[in-house]
Structures are given as structure tokens and as C-alpha cells.
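Source file start_10.csv; content: CSV, C-alpha atoms.
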chain,number,residue,atom,x,y,z
U,1,MET,CA,204.5,83.0,-65.7
U,2,THR,CA,201.3,81.0,-64.8
U,3,GLU,CA,199.8,80.9,-61.4
U,4,LEU,CA,200.9,77.2,-61.2
U,5,ALA,CA,204.5,77.9,-62.1
U,6,GLN,CA,205.0,80.6,-59.4
U,7,PRO,CA,204.5,78.3,-56.4
U,8,GLN,CA,206.6,75.6,-58.1
U,9,ALA,CA,209.5,78.0,-58.6
U,10,PHE,CA,209.2,79.2,-55.0
U,11,GLU,CA,209.2,75.6,-53.6
U,12,ALA,CA,212.2,74.8,-55.8
U,13,TRP,CA,214.0,77.8,-54.3
U,14,ILE,CA,213.3,76.5,-50.8
U,15,GLU,CA,214.6,73.0,-51.8
U,16,GLU,CA,217.7,74.7,-53.2
U,17,ALA,CA,218.3,76.3,-49.8
U,18,ARG,CA,217.7,73.0,-48.0
U,19,GLY,CA,220.1,71.3,-50.4
U,20,VAL,CA,223.1,73.3,-49.2
U,21,ASP,CA,225.5,71.1,-47.4
U,22,LEU,CA,225.1,71.6,-43.7
U,23,VAL,CA,228.7,70.7,-42.7
U,24,THR,CA,230.2,73.0,-45.4
U,25,TYR,CA,227.9,75.9,-44.3
U,26,ALA,CA,228.7,75.4,-40.6
U,27,ARG,CA,232.5,75.0,-41.0
U,28,ALA,CA,232.7,78.2,-43.1
U,29,ARG,CA,231.3,80.1,-40.1
U,30,SER,CA,233.0,78.0,-37.4
U,31,PRO,CA,236.4,76.8,-38.5
U,32,GLY,CA,237.0,75.3,-35.1
U,33,LEU,CA,234.5,72.4,-35.7
U,34,LYS,CA,236.3,69.0,-35.4
U,35,LYS,CA,235.4,65.6,-36.7
U,36,GLN,CA,234.5,63.1,-33.9
U,37,GLY,CA,233.3,59.8,-35.3
U,38,SER,CA,230.2,60.5,-37.4
U,39,GLU,CA,229.7,64.0,-35.9
U,40,TRP,CA,231.3,67.4,-36.1
U,41,VAL,CA,231.7,69.1,-32.7
U,42,GLY,CA,232.9,72.5,-31.5
U,43,PRO,CA,232.0,76.1,-31.2
U,44,CYS,CA,228.5,77.1,-32.3
U,45,PRO,CA,228.6,79.3,-35.5
U,46,ALA,CA,226.2,81.7,-33.8
U,47,CYS,CA,227.0,81.8,-30.1
U,48,GLY,CA,230.6,80.4,-30.0
U,49,GLY,CA,231.6,78.4,-26.9
U,50,ARG,CA,233.9,75.4,-27.0
U,51,ASP,CA,231.9,72.2,-27.6
U,52,ARG,CA,228.3,73.2,-27.2
U,53,PHE,CA,227.5,72.6,-30.9
U,54,SER,CA,227.3,69.3,-32.9
U,55,ILE,CA,226.3,68.1,-36.4
U,56,SER,CA,225.2,64.7,-37.4
U,57,ALA,CA,226.4,64.6,-41.0
U,58,ARG,CA,224.7,61.3,-41.6
U,59,LYS,CA,221.3,62.7,-40.6
U,60,GLY,CA,221.9,66.3,-41.8
U,61,VAL,CA,220.9,67.9,-38.5
U,62,TRP,CA,222.6,70.1,-35.9
U,63,ASN,CA,222.1,70.9,-32.2
U,64,CYS,CA,223.2,73.8,-30.1
U,65,ARG,CA,223.1,73.0,-26.3
U,66,GLU,CA,223.5,76.6,-25.3
U,67,PHE,CA,220.2,77.7,-26.9
U,68,GLY,CA,218.5,74.3,-27.0
U,69,ARG,CA,217.9,74.7,-30.8
U,70,GLY,CA,218.6,72.4,-33.7
U,71,GLY,CA,217.3,71.3,-37.1
U,72,ASP,CA,218.4,71.3,-40.7
U,73,VAL,CA,220.6,73.8,-42.7
U,74,ILE,CA,217.8,76.3,-43.0
U,75,HIS,CA,217.2,76.3,-39.3
U,76,LEU,CA,221.0,76.8,-38.8
U,77,ALA,CA,221.0,79.8,-41.2
U,78,GLN,CA,218.1,81.3,-39.2
U,79,HIS,CA,220.2,80.8,-36.0
U,80,VAL,CA,223.4,82.2,-37.5
U,81,GLU,CA,222.0,85.1,-39.5
U,82,GLU,CA,219.3,85.9,-37.0
U,83,ALA,CA,216.8,85.8,-39.9
U,84,ASP,CA,213.3,84.5,-40.5
U,85,PHE,CA,212.7,81.5,-42.8
U,86,LEU,CA,212.8,83.5,-46.1
U,87,GLY,CA,215.9,85.4,-44.9
U,88,ALA,CA,217.7,82.1,-44.2
U,89,CYS,CA,216.8,80.9,-47.7
U,90,ARG,CA,218.1,84.1,-49.2
U,91,ALA,CA,221.4,83.7,-47.3
U,92,LEU,CA,221.8,80.1,-48.4
U,93,THR,CA,220.9,80.6,-52.1
U,94,GLY,CA,222.3,84.1,-52.5
U,95,ARG,CA,219.2,85.4,-54.3
U,96,GLU,CA,215.6,86.6,-53.8
U,97,PRO,CA,212.7,84.1,-53.9
U,98,PRO,CA,211.4,83.6,-57.4
U,99,GLY,CA,207.8,84.4,-58.3
U,100,ARG,CA,207.6,87.3,-55.9
U,101,ASP,CA,208.3,89.8,-58.8
U,102,GLY,CA,205.5,88.3,-60.9
U,103,HIS,CA,207.4,86.5,-63.6
U,104,GLU,CA,210.2,84.0,-64.4
U,105,SER,CA,211.0,83.3,-68.0
U,106,ALA,CA,211.6,79.8,-69.3
U,107,GLU,CA,215.3,80.7,-69.7
U,108,MET,CA,215.5,81.9,-66.1
U,109,ARG,CA,213.8,78.8,-64.8
U,110,ALA,CA,216.1,76.5,-66.9
U,111,ALA,CA,219.2,78.3,-65.6
U,112,ARG,CA,217.9,78.1,-62.0
U,113,VAL,CA,217.2,74.4,-62.3
U,114,ALA,CA,220.5,73.7,-63.9
U,115,ALA,CA,222.3,75.6,-61.1
U,116,PHE,CA,220.4,73.8,-58.5
U,117,GLU,CA,221.2,70.4,-60.0
U,118,ALA,CA,224.8,71.3,-60.3
U,119,ARG,CA,224.9,72.4,-56.6
U,120,ARG,CA,223.2,69.2,-55.5
U,121,ALA,CA,225.6,67.1,-57.5
U,122,ALA,CA,228.6,69.0,-56.0
U,123,VAL,CA,227.2,68.5,-52.5
U,124,ALA,CA,226.7,64.7,-53.2
U,125,GLU,CA,230.3,64.4,-54.5
U,126,GLU,CA,231.7,66.3,-51.5
U,127,ALA,CA,229.8,63.9,-49.2
U,128,ARG,CA,231.2,60.9,-51.1
U,129,ALA,CA,234.7,62.4,-51.0
U,130,ARG,CA,234.3,63.0,-47.2
U,131,LYS,CA,233.2,59.4,-46.7
U,132,ARG,CA,236.2,58.1,-48.7
U,133,ALA,CA,238.5,60.2,-46.6
U,134,GLU,CA,236.9,59.0,-43.4
U,135,ASP,CA,237.1,55.4,-44.4
U,136,SER,CA,240.8,55.8,-45.5
U,137,PHE,CA,241.6,57.4,-42.1
U,138,ARG,CA,239.8,54.7,-40.2
U,139,PHE,CA,241.5,51.9,-42.0
U,140,ALA,CA,244.9,53.5,-41.5
U,141,GLU,CA,244.2,53.9,-37.8
U,142,ILE,CA,243.2,50.3,-37.4
U,143,LYS,CA,246.3,49.2,-39.3
U,144,ARG,CA,248.5,51.2,-36.9
U,145,ALA,CA,246.6,49.9,-33.9
U,146,ARG,CA,247.1,46.3,-35.1
U,147,GLN,CA,250.8,46.8,-35.4
U,148,PHE,CA,250.9,48.1,-31.8
U,149,TRP,CA,248.9,45.1,-30.7
U,150,LYS,CA,251.1,42.6,-32.6
U,151,THR,CA,254.3,43.9,-31.1
U,152,ALA,CA,253.0,43.9,-27.5
U,153,HIS,CA,253.4,41.1,-25.0
U,154,SER,CA,251.3,39.2,-22.6
U,155,VAL,CA,250.6,40.7,-19.2
U,156,THR,CA,253.1,38.6,-17.3
U,157,PRO,CA,253.3,38.8,-13.4
U,158,GLY,CA,256.6,40.8,-13.6
U,159,SER,CA,255.4,43.4,-16.1
U,160,ALA,CA,254.6,47.0,-15.3
U,161,ALA,CA,251.1,46.3,-16.6
U,162,ALA,CA,250.5,43.6,-14.0
U,163,ALA,CA,251.9,45.9,-11.3
U,164,TYR,CA,249.6,48.7,-12.5
U,165,LEU,CA,246.6,46.4,-12.2
U,166,ARG,CA,247.7,45.2,-8.7
U,167,GLN,CA,248.1,48.9,-7.7
U,168,ARG,CA,244.5,49.5,-8.7
U,169,GLY,CA,243.1,47.2,-6.0
U,170,GLU,CA,244.8,43.8,-6.6
U,171,LEU,CA,243.3,43.5,-10.0
U,172,ALA,CA,244.7,41.0,-12.5
U,173,ALA,CA,244.2,40.2,-16.2
U,174,PRO,CA,241.7,37.3,-16.3
U,175,PRO,CA,242.8,34.3,-18.5
U,176,GLY,CA,242.1,35.1,-22.2
U,177,ALA,CA,241.5,38.8,-21.5
U,178,HIS,CA,242.3,41.0,-24.5
U,179,LEU,CA,245.0,42.8,-22.6
U,180,ARG,CA,248.7,43.2,-23.4
U,181,PHE,CA,251.8,45.1,-22.3
U,182,ALA,CA,254.1,47.4,-24.2
U,183,ALA,CA,257.4,48.4,-22.4
U,184,ARG,CA,258.1,51.5,-24.5
U,185,HIS,CA,254.9,52.6,-26.0
U,186,PRO,CA,254.8,56.0,-27.9
U,187,TYR,CA,252.3,58.7,-27.0
U,188,PHE,CA,251.4,60.4,-30.3
U,189,GLN,CA,249.9,63.9,-30.5
U,190,PRO,CA,248.0,64.4,-33.8
U,191,ALA,CA,248.9,67.2,-36.1
U,192,HIS,CA,247.1,70.5,-35.1
U,193,SER,CA,247.5,74.2,-35.7
U,194,GLY,CA,250.3,73.7,-38.2
U,195,ILE,CA,252.3,71.5,-35.8
U,196,PRO,CA,252.9,68.0,-37.3
U,197,HIS,CA,252.1,64.9,-35.3
U,198,ARG,CA,254.8,64.0,-32.8
U,199,VAL,CA,255.7,61.7,-29.9
U,200,LEU,CA,255.2,63.5,-26.6
U,201,HIS,CA,256.0,60.5,-24.3
U,202,GLU,CA,257.3,57.0,-24.4
U,203,GLY,CA,256.9,54.5,-21.6
U,204,PRO,CA,255.2,51.4,-20.3
U,205,ALA,CA,251.5,51.0,-21.3
U,206,LEU,CA,248.6,48.6,-20.8
U,207,LEU,CA,247.0,47.8,-24.2
U,208,ALA,CA,243.5,46.5,-24.6
U,209,GLY,CA,242.5,45.0,-27.9
U,210,MET,CA,239.1,46.2,-29.3
U,211,THR,CA,236.7,44.0,-31.1
U,212,GLY,CA,234.3,45.5,-33.7
U,213,PRO,CA,230.7,44.5,-34.4
U,214,ASP,CA,231.9,42.1,-37.0
U,215,GLY,CA,234.0,40.2,-34.5
U,216,ARG,CA,237.3,41.5,-36.0
U,217,PHE,CA,240.1,43.6,-34.4
U,218,CYS,CA,239.2,47.3,-34.8
U,219,GLY,CA,241.6,49.2,-32.5
U,220,VAL,CA,243.6,49.4,-29.3
U,221,HIS,CA,242.9,51.2,-26.0
U,222,GLN,CA,246.1,52.5,-24.4
U,223,THR,CA,246.9,53.4,-20.8
U,224,TRP,CA,250.3,54.9,-20.0
U,225,ILE,CA,251.7,53.8,-16.7
U,226,ASP,CA,253.7,55.5,-13.9
U,227,LEU,CA,253.9,53.3,-10.9
U,228,THR,CA,255.3,56.1,-8.7
U,229,ARG,CA,251.8,57.7,-8.8
U,230,ALA,CA,248.9,56.6,-6.6
U,231,ASP,CA,246.6,55.9,-9.5
U,232,GLY,CA,249.4,54.3,-11.6
U,233,LYS,CA,248.7,56.5,-14.6
U,234,ALA,CA,251.4,58.6,-16.3
U,235,ILE,CA,251.4,62.4,-16.5
U,236,VAL,CA,251.8,63.6,-20.0
U,237,PRO,CA,252.0,67.4,-20.4
U,238,ASP,CA,251.4,69.3,-23.7
U,239,PRO,CA,254.8,70.9,-24.3
U,240,ASP,CA,253.2,74.0,-25.8
U,241,THR,CA,250.4,74.7,-23.4
U,242,GLY,CA,251.4,72.8,-20.3
U,243,GLU,CA,247.9,71.1,-20.3
U,244,ILE,CA,247.9,67.7,-18.8
U,245,LEU,CA,246.8,65.3,-21.5
U,246,PRO,CA,244.7,62.1,-20.9
U,247,ALA,CA,246.7,59.1,-19.9
U,248,LYS,CA,244.3,56.9,-21.8
U,249,LYS,CA,243.8,57.1,-25.6
U,250,VAL,CA,242.3,55.0,-28.3
U,251,ARG,CA,243.6,54.2,-31.8
U,252,GLY,CA,241.2,52.7,-34.3
U,253,SER,CA,237.4,52.6,-34.7
U,254,VAL,CA,235.4,52.9,-31.4
U,255,HIS,CA,231.9,52.8,-32.7
U,256,GLY,CA,230.4,49.4,-31.8
U,257,ALA,CA,233.6,48.2,-30.3
U,258,ARG,CA,234.1,46.2,-27.1
U,259,ILE,CA,237.0,45.0,-24.9
U,260,GLU,CA,236.5,41.4,-23.8
U,261,LEU,CA,238.0,41.1,-20.3
U,262,VAL,CA,236.3,37.9,-19.2
U,263,ARG,CA,235.5,35.8,-22.3
U,264,VAL,CA,232.7,33.2,-22.3
U,265,ARG,CA,231.6,31.3,-25.3
U,266,GLU,CA,227.9,32.1,-26.1
U,267,PRO,CA,227.4,33.9,-22.7
U,268,ARG,CA,224.0,33.9,-21.1
U,269,THR,CA,225.0,36.7,-18.7
U,270,LEU,CA,227.0,39.8,-19.6
U,271,ILE,CA,228.4,42.5,-17.3
U,272,LEU,CA,229.0,45.7,-19.2
U,273,GLY,CA,230.8,48.8,-18.0
U,274,GLU,CA,232.7,51.8,-19.4
U,275,GLY,CA,236.2,51.5,-18.0
U,276,ILE,CA,238.6,48.6,-17.9
U,277,GLU,CA,239.3,49.1,-14.2
U,278,THR,CA,235.6,49.4,-13.4
U,279,CYS,CA,234.8,46.1,-15.0
U,280,LEU,CA,237.8,44.3,-13.6
U,281,SER,CA,236.9,45.6,-10.1
U,282,VAL,CA,233.4,44.2,-10.3
U,283,HIS,CA,234.7,40.8,-11.5
U,284,ARG,CA,237.3,40.8,-8.7
U,285,ALA,CA,234.6,41.5,-6.1
U,286,LEU,CA,232.5,38.7,-7.4
U,287,VAL,CA,235.5,36.3,-7.2
U,288,LEU,CA,236.3,37.3,-3.6
U,289,GLN,CA,232.6,36.7,-2.7
U,290,GLY,CA,232.6,33.3,-4.4
U,291,ALA,CA,229.6,34.5,-6.5
U,292,PRO,CA,228.4,32.2,-9.3
U,293,LEU,CA,228.5,35.2,-11.6
U,294,ALA,CA,232.2,35.2,-11.4
U,295,GLU,CA,232.3,31.9,-13.3
U,296,GLU,CA,229.2,32.4,-15.5
U,297,ALA,CA,229.3,36.0,-16.7
U,298,ALA,CA,231.2,37.5,-19.6
U,299,VAL,CA,232.7,40.9,-18.7
U,300,TRP,CA,233.1,43.6,-21.4
U,301,SER,CA,234.3,47.2,-21.4
U,302,SER,CA,232.4,49.4,-23.8
U,303,VAL,CA,235.4,51.8,-24.1
U,304,SER,CA,233.2,54.8,-23.6
U,305,LEU,CA,229.8,55.5,-22.1
U,306,GLY,CA,228.6,56.9,-25.4
U,307,ASN,CA,229.5,53.7,-27.2
U,308,LEU,CA,227.4,51.8,-24.7
U,309,SER,CA,224.4,54.1,-24.7
U,310,GLY,CA,224.4,55.6,-28.2
U,311,ARG,CA,222.9,58.9,-29.2
U,312,ALA,CA,219.6,60.3,-27.8
U,313,LEU,CA,216.6,61.3,-29.8
U,314,ASP,CA,215.5,63.8,-27.2
U,315,ARG,CA,216.8,66.5,-25.0
U,316,VAL,CA,215.7,67.0,-21.4
U,317,ARG,CA,216.3,69.7,-18.8
U,318,HIS,CA,219.1,69.0,-16.4
U,319,PRO,CA,217.8,69.1,-12.8
U,320,THR,CA,220.8,71.1,-11.4
U,321,ARG,CA,223.0,72.4,-14.3
U,322,VAL,CA,222.3,75.8,-15.8
U,323,ASP,CA,223.5,77.4,-19.0
U,324,ALA,CA,225.3,80.8,-19.4
U,325,ARG,CA,221.9,82.6,-19.1
U,326,GLY,CA,221.0,80.9,-15.8
U,327,ARG,CA,218.4,78.7,-17.4
U,328,PRO,CA,218.2,74.9,-16.8
U,329,ALA,CA,220.6,73.4,-19.2
U,330,LEU,CA,219.5,70.8,-21.8
U,331,THR,CA,221.1,67.4,-21.8
U,332,ARG,CA,220.7,64.1,-23.8
U,333,GLY,CA,217.5,62.4,-22.8
U,334,PRO,CA,216.5,58.8,-22.2
U,335,THR,CA,215.2,57.9,-25.6
U,336,PRO,CA,217.9,56.1,-27.8
U,337,ASP,CA,218.4,56.8,-31.4
U,338,PRO,CA,217.8,53.5,-33.2
U,339,ASP,CA,220.2,54.6,-36.0
U,340,SER,CA,223.1,55.2,-33.6
U,341,GLN,CA,226.0,52.8,-34.1
U,342,CYS,CA,227.0,51.5,-30.7
U,343,LEU,CA,228.0,48.3,-28.9
U,344,ALA,CA,225.9,45.2,-29.8
U,345,ILE,CA,225.7,42.0,-27.7
U,346,PRO,CA,225.2,38.3,-28.5
U,347,ASP,CA,221.7,36.9,-29.0
U,348,THR,CA,222.5,34.3,-26.4
U,349,VAL,CA,222.5,36.8,-23.6
U,350,ASP,CA,219.4,36.9,-21.5
U,351,LEU,CA,220.8,38.9,-18.5
U,352,VAL,CA,222.7,42.1,-18.8
U,353,ILE,CA,224.1,44.0,-15.9
U,354,LEU,CA,225.1,47.6,-16.7
U,355,LEU,CA,227.6,49.3,-14.4
U,356,GLY,CA,226.9,52.9,-13.4
U,357,ASP,CA,229.8,54.9,-12.0
U,358,GLY,CA,229.0,57.3,-9.2
U,359,ASP,CA,231.8,59.7,-9.9
U,360,SER,CA,230.3,61.3,-13.1
U,361,ASP,CA,227.3,63.6,-13.4
U,362,PRO,CA,224.6,61.3,-11.9
U,363,PHE,CA,221.8,62.6,-14.1
U,364,ASP,CA,223.7,62.4,-17.4
U,365,THR,CA,224.9,58.9,-16.4
U,366,GLU,CA,221.4,57.8,-15.6
U,367,MET,CA,220.1,59.1,-18.9
U,368,ALA,CA,222.9,57.3,-20.8
U,369,LEU,CA,222.3,54.0,-19.0
U,370,THR,CA,218.6,54.3,-19.5
U,371,ARG,CA,219.2,54.6,-23.2
U,372,ALA,CA,221.5,51.5,-23.1
U,373,ARG,CA,218.9,49.5,-21.2
U,374,THR,CA,216.1,50.4,-23.6
U,375,ARG,CA,218.3,49.7,-26.6
U,376,LEU,CA,219.5,46.3,-25.3
U,377,ALA,CA,216.1,45.1,-24.0
U,378,ARG,CA,214.1,42.5,-25.8
U,379,PRO,CA,211.5,39.8,-24.8
U,380,GLY,CA,213.1,37.2,-22.5
U,381,ARG,CA,216.1,39.4,-21.7
U,382,HIS,CA,216.5,41.3,-18.4
U,383,VAL,CA,218.7,44.4,-18.4
U,384,GLY,CA,219.5,45.9,-15.0
U,385,ILE,CA,221.8,48.6,-13.7
U,386,ALA,CA,224.2,48.3,-10.8
U,387,TRP,CA,225.2,51.6,-9.3
U,388,ALA,CA,228.5,52.5,-7.5
U,389,GLU,CA,228.3,54.6,-4.4
U,390,PRO,CA,227.7,58.3,-5.0
U,391,GLY,CA,231.0,60.1,-5.8
U,392,GLN,CA,232.9,56.8,-6.4
U,393,ASP,CA,233.4,54.3,-9.2
U,394,PHE,CA,233.6,50.5,-8.6
U,395,ASN,CA,237.4,50.7,-8.5
U,396,ASP,CA,237.3,53.3,-5.7
U,397,MET,CA,234.9,51.0,-3.8
U,398,LEU,CA,237.2,48.0,-4.2
U,399,ARG,CA,240.3,49.9,-3.1
U,400,SER,CA,238.5,51.4,-0.2
U,401,ALA,CA,237.3,48.0,1.0
U,402,ALA,CA,240.8,46.6,0.6
Go through the file and emit its structure as C-alpha cells.
Amino acid sequence: MTELAQPQAFEAWIEEARGVDLVTYARARSPGLKKQGSEWVGPCPACGGRDRFSISARKGVWNCREFGRGGDVIHLAQHVEEADFLGACRALTGREPPGRDGHESAEMRAARVAAFEARRAAVAEEARARKRAEDSFRFAEIKRARQFWKTAHSVTPGSAAAAYLRQRGELAAPPGAHLRFAARHPYFQPAHSGIPHRVLHEGPALLAGMTGPDGRFCGVHQTWIDLTRADGKAIVPDPDTGEILPAKKVRGSVHGARIELVRVREPRTLILGEGIETCLSVHRALVLQGAPLAEEAAVWSSVSLGNLSGRALDRVRHPTRVDARGRPALTRGPTPDPDSQCLAIPDTVDLVILLGDGDSDPFDTEMALTRARTRLARPGRHVGIAWAEPGQDFNDMLRSAA
């Protein structure tokens, strides 16, 4: 083997290791990883935990919040195998580095290259199959959500949905709001741990239609109602564990979605918040004050804070939270990932007011809203943040004032 061929074979060996599918490698060592949108989230293959580990399959990178580490599949093998760079490549390829024994015959090189190409083709096909499965699941979910939406009714004054909104601070569905009411709405639990999907609860629910980036229906936000409770939300226990499940769930595709609560054609001003009640509370307060914004501004719910802010490119140390070793914990920073799919707004908007709840972790919320402000800003557009009182959201403030 020539001196030139040796480094080429070694570099090819490294590329072979780097070509191992990150998701496949991680799931083989951490079966508890679950698909969430475009990411896989769950226990770290190295240090365990519950949800401290995540993979961006689209970018081919991972992150462990416990140790503040991340990178590609080779970095993960180093993390999992507690190995150096060469040891990680050995673990991924299953063989020693070529060229270190002084020779590699033409036949050996041809076999190695063929095996590498076959593995790369298999990884590519697996990624395509995964994408087809994800698309099929998303389309099926949107279809189910559309059926729920079509069979629901308007939020009439006598409905449980209208009573729920009144109970949350004399709120009401603004004219044209994408809100509906279902009298007997099923609460589905997805299949898990060998248990098939099943209906755990059926009762009145407030439904909110979600609009995707293309302007088309993409899902439904569901809030189950129990008017005997102070907050109006139903209690749904898991029959196997007794765990109280969320009274709010989404069916469909969340990424880039919005719920239009106050609809304005070609709005110049847009009020954006996470929750439906938060957004309606701010609109209600503006109406009571006779503020011009009550007539001018469109009001949208982003469904989730992550859908408003998008992913972060950086990690920063949390000022108060610590990890299991007593060190300052790392959290998502203020720099937005430009490739992250999240809520978009009309070009006509030149004033955006972001609503910041005070009942969540204040630092994490500040970082998320800073990402949203950076992402939505452009020349001629002002993006501001309105904060609720510490420890409260805007609905708490409205109800306290009432």
C-alpha cells in the first residue's frame, strides 16, 4: 500500500463511522426514545434520565442536557462508549482503522468501499422510509382532526364551551374565532407498552382549529371541560397508573400552526401568545379599557411556546437551576435556529406584541421570547414583549381584577 493510499483508507474509515445513522444507533441503546415532531426525545443512551436527551434527525445532531454535550454520531459513540475518537469509530464500524497495520490490498479496499456504500444506501433508504411513515402519520392525524372539526358546533351562548370561557374571567369567543364546541368529545390515549389506543374519557370540549403555514387546516386543539371545577378543565386519570393526564391535547401538525382568535384581514398589528385563555384575556382587557388595539389587532395563539420561539442554536447556563451534580444547568439560549419550522406571520404586520406568562420558569420563557423576537424582527417592524405579573399568567390577572 502506498503512503498516499494509507491516509485515504483511514479517512474513508472515519467517514464510514460518521455515516452510521444517528437515530438507529441511539435507539438501539436507548429504546425509550420517542418521536416528537422532527426530534427524538427521551433517556440519554449514556446517563439515562427521562427527557434530558434529544436528537434532531434532520440535522443529524444530538444533545444531552445533563452533561452539556452534543454533536454527531461519533461524538455520541464517544459519550456512550466512554471512548476516544478512534475508539468511537471502532465501535461504529466494528473494525480497526485501516492503514495502521501497514497494508491494505486492492481486494480489501474494494470490499471495504462496497460495504461502506451499501451501508450508506441502507441508511438513506431507512431515512426515506422514516420520512414516508412520518408523513403518513401526519396526514392521518390531520384527517382525524378535520373530522372532529367538521362535526363540532359553534360556541353558542348556552354551550358548555361558552360557560367554560365565562368561568375563565368572562371570556367569550370573538366573532369569526376558530373555536367550536363538541358535546361528547373522546379523549384518546395512543397505543403504548403493548396497550392499544383507547378512549379514556368522553365529554364536552372546546375545540380550536389550527391553521398551517400554507393557510390550510392542519389540526385541532382540544380542551376537555368540567364546569364543576374552578378552572373548568376536566380531570382525566390514566386507568393504569393513576397519573392525571393533560386536559388539553392536540391532534394534527403543530409545527408552524396558529389558532386565529381575533381575525383581521391583512393585519398591521398582531398579538401573539401561547395559550388560548392567555390571548383571549389580553383581548378582553383591551376591550374593557376601550383601547384602539381591541379593534385593530389580530390575536393568535401559537399553540405552544416552542412553536412561537423555535429551536435555539446555543445553550446557556441557567441562573438558578442546577443539574444532578449540582452544577448550573444548561438551557436553550436566545439565538434562534433559522432552520427551525415555527409560526410565521403576514408580511403586512409592522407591530408584534408577544405575551410572556409569569407562571412558567422566567428565564426559560425570556430566552424563548427573545428567540421569537429575533426571528420575527425585520426593518420597519417592531417586536415587543408584554409580561404578566410574576407567578401569574394573563388569565390569572384578569380573573384577579374581576
Q: Enter the distance from CA of Leu76 in chain U to CA of Trp13 in chain U, in Å, rounded to one decimal.
A: 17.0 Å
Q: In Å, rounded to a single decimal, give me how far CA of Thr348 in chain U is from CA of Gln289 in chain U.
A: 25.9 Å
Residues of range 147-231 of chain U within 9 Å of range 253-263 of chain U: nearest atom pair and distance (Å, one decimal) for each, counting only C-alpha atoms, sorted by chain and number, as JSON lines?
{"residue": "U:Ala173", "atom": "CA", "partner": "U:Leu261", "partner_atom": "CA", "distance": 7.5}
{"residue": "U:Pro174", "atom": "CA", "partner": "U:Val262", "partner_atom": "CA", "distance": 6.2}
{"residue": "U:Pro175", "atom": "CA", "partner": "U:Val262", "partner_atom": "CA", "distance": 7.5}
{"residue": "U:Gly176", "atom": "CA", "partner": "U:Arg263", "partner_atom": "CA", "distance": 6.6}
{"residue": "U:Ala177", "atom": "CA", "partner": "U:Leu261", "partner_atom": "CA", "distance": 4.4}
{"residue": "U:His178", "atom": "CA", "partner": "U:Glu260", "partner_atom": "CA", "distance": 5.9}
{"residue": "U:Leu179", "atom": "CA", "partner": "U:Leu261", "partner_atom": "CA", "distance": 7.6}
{"residue": "U:Ala208", "atom": "CA", "partner": "U:Ile259", "partner_atom": "CA", "distance": 6.7}
{"residue": "U:Gly209", "atom": "CA", "partner": "U:Ile259", "partner_atom": "CA", "distance": 6.3}
{"residue": "U:Met210", "atom": "CA", "partner": "U:Ile259", "partner_atom": "CA", "distance": 5.0}
{"residue": "U:Thr211", "atom": "CA", "partner": "U:Arg258", "partner_atom": "CA", "distance": 5.3}
{"residue": "U:Gly212", "atom": "CA", "partner": "U:Ala257", "partner_atom": "CA", "distance": 4.4}
{"residue": "U:Pro213", "atom": "CA", "partner": "U:Gly256", "partner_atom": "CA", "distance": 5.6}
{"residue": "U:Phe217", "atom": "CA", "partner": "U:Ala257", "partner_atom": "CA", "distance": 9.0}
{"residue": "U:Cys218", "atom": "CA", "partner": "U:Ser253", "partner_atom": "CA", "distance": 5.6}
{"residue": "U:Gly219", "atom": "CA", "partner": "U:Ser253", "partner_atom": "CA", "distance": 5.8}
{"residue": "U:Val220", "atom": "CA", "partner": "U:Ser253", "partner_atom": "CA", "distance": 8.8}
{"residue": "U:His221", "atom": "CA", "partner": "U:Ile259", "partner_atom": "CA", "distance": 8.6}
**Q.** Surrounding residues of range 249-252 of chain U excluding itself and chain neighbours under 6 positions, 9 Å, only C-alpha atoms, as a VMD selection string
**A.** chain U and resid 138 to 146 187 210 218 to 224 303
Q. Quick one: of U:Leu286, U:Leu280, U:Cys44, U:Ala77, who's nearest to Cys64 in chain U, counting all atoms listed in the file?
A. U:Cys44
Q | Given all atoms listed in the file as the counted atoms, nearest of U:Arg399, U:Arg90, U:Lys150, U:Arg265 to Val349 in chain U | A |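 Closest candidate: U:Arg265.
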(Q) Ranking U:Leu308, U:Cys279, U:Leu270, U:Val61 by minimum distance to Val383 in chain U and counting only C-alpha atoms, which one comes first? (A)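 For Val383 in chain U, the nearest of the candidates is U:Leu270.
Separating CA of Asp337 in chain U from CA of Gly310 in chain U is a distance of 6.9 Å.
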Q: With a distance cut-off of 8 Å and all atoms listed in the file, select the neighbouring residues of Arg315 in chain U, excluding the residue or stretch itself and same-chain residues fewer than 4 positions from it, and output the selection as a PyMOL selection string.
A: chain U and resi 330-333
Residues from last step as file, C-alpha atoms, as an mmCIF file, in the frame of the given file:
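Below is the file again.cif, written as the result:
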data_model
loop_
_atom_site.group_PDB
_atom_site.id
_atom_site.type_symbol
_atom_site.label_atom_id
_atom_site.label_comp_id
_atom_site.auth_asym_id
_atom_site.auth_seq_id
_atom_site.Cartn_x
_atom_site.Cartn_y
_atom_site.Cartn_z
ATOM 1 C CA LEU U 330 219.500 70.800 -21.800
ATOM 2 C CA THR U 331 221.100 67.400 -21.800
ATOM 3 C CA ARG U 332 220.700 64.100 -23.800
ATOM 4 C CA GLY U 333 217.500 62.400 -22.800
#
